[in-house]
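One structure is given below, encoded as structure tokens.
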Amino acid sequence: MAYTHGYYDQMLAQGMAYEGYVRMQIEQQLYIKLDIVQGLEQQEDIGETRQGVEIKYDKKYAHTQNLYIELAEKCRPWKAEWTPAGIYRDDNTWLIAIGDYTVIFLFSKRQLQQHVQMHWDQIIRTETSIGILLDPSTIERLAVHIIKSETSNG
């Protein structure tokens with residue numbers, strides 16, 4: 001898919017809406033209040049939340065039953081540099097919350113890194129992302145907690 005500013009803005013808006021949903025689910029079901037860090041510069045310095053939880057929306061999960069764990073990204077396909085992403089960002093993240101509006105999987109960042117090292121041959125590359133897919137059995141094995149929702153807001 002060709003990069004467009006409108007597409008990026010749409011993905012950003014979807015991600016921010018999902019962050020709010022995850023915050024609410026974690027607070028209601030686990031009694032943990034997440035403080036989302038505002039501003040890209042602060043997120044790069046601190047992390048996505050002050051509590052060390054990185055939140056990712058996988059809108060394809062319902063269709064594929066796989067989760068995509070991003071390792072590196074490019075904002076623009078024509079740029080040469082890759083930026084560490086997700087589980088390889090150097091910030092306060094220790095827990096990854098990823099899923100959709102029906103289920104949120106919580107993973108240890110360290111355990112996901114170990115899984116990637118053991119399955120480096122399964123890495124996927126696109127123009128703007130490097131990542132790995134977790135299949136349903138791997139998801140079940142690696143998830144430290146699963147939050148299921150009764151409602152769908154997607």
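Chain labels follow the order of the structure tokens: the first chain is A, the next B, and so on; residue numbering restarts at 1 in every chain, and ligands are counted from 1 in their shown order.
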Polymer residues at most 7 Å from region 133-141 of chain A, only C-alpha atoms, same-chain spacing of 3 or more positions, as a count of residues only:
5
So which residues touch Val103 (chain A) within 9 Å, counting only C-alpha atoms, skipping near sequence neighbours fewer than 4 positions away, as a ChimeraX atom specification?
/A:98-99,146-149
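Neighbouring residues of Lys74 (chain A) at 7 Å or closer, counting only C-alpha atoms and skipping chain neighbours under 3 positions away, are A:Pro77, A:Glu81, A:Trp82, A:Thr83, A:Thr128, A:Ser129.
Taking CA of His145 (chain A) and CA of Leu106 (chain A) as the two end points, the separation is 5.2 Å.
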Would you return as a PyMOL selection string the members of region 59-109 of chain A that DSSP assigns to alpha helix (DSSP H) on this structure's backbone?
chain A and resi 61-64+109
Counting only C-alpha atoms, the option among A:Ala85, A:Ile36, A:Ala13, A:Ile96 closest to Lys56 (chain A)
A:Ile96
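Candidate residues A:Gln10, A:Thr102, A:Gln117, A:Gln43 were compared for distance to Val22 (chain A), and the nearest is A:Thr102, using only C-alpha atoms.
Picture a line from CA of Lys109 (chain A) to CA of Tyr88 (chain A); it runs 8.5 Å.
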With DSSP run on the backbone, what are the strand (DSSP E or B) residues within chain A? I'd like them as number ranges by chain.
A: 36, 49, 53-57, 67-73, 83-84, 95-99, 103-108, 124-125, 129-134, 145-148
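With distances restricted to only C-alpha atoms, A:Arg89 is the closest residue to Glu44 (chain A) from A:Arg125, A:Arg89, A:Arg110, A:His119.
One distance worth recording is that between CA of Asp91 (chain A) and CA of Trp120 (chain A), which is 22.6 Å.
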Which of these, A:Leu12, A:Ile32, A:Ala143, A:Ala62, has the shortest distance to Ala97 (chain A) once you count only C-alpha atoms?
A:Ala143
Residue neighbourhood region 39-42 of chain A, 12 Å, only C-alpha atoms, exclusion window fewer than 5 positions, as a PDB file with C-alpha atoms, in the first residue's frame:
ATOM      1  CA  LEU A  12      -3.300   7.014  14.297  1.00  0.00           C
ATOM      2  CA  MET A  16      -5.739   6.270  19.910  1.00  0.00           C
ATOM      3  CA  GLY A  47       7.045   4.964  26.777  1.00  0.00           C
ATOM      4  CA  GLU A  48       3.376   4.769  25.883  1.00  0.00           C
ATOM      5  CA  THR A  49       2.154   4.634  29.474  1.00  0.00           C
ATOM      6  CA  ARG A  50       3.829   5.631  32.713  1.00  0.00           C
ATOM      7  CA  ASP A  91      11.665   2.752  26.845  1.00  0.00           C
ATOM      8  CA  ASN A  92       9.904   1.713  30.052  1.00  0.00           C
TER       9      ASN A  92
END
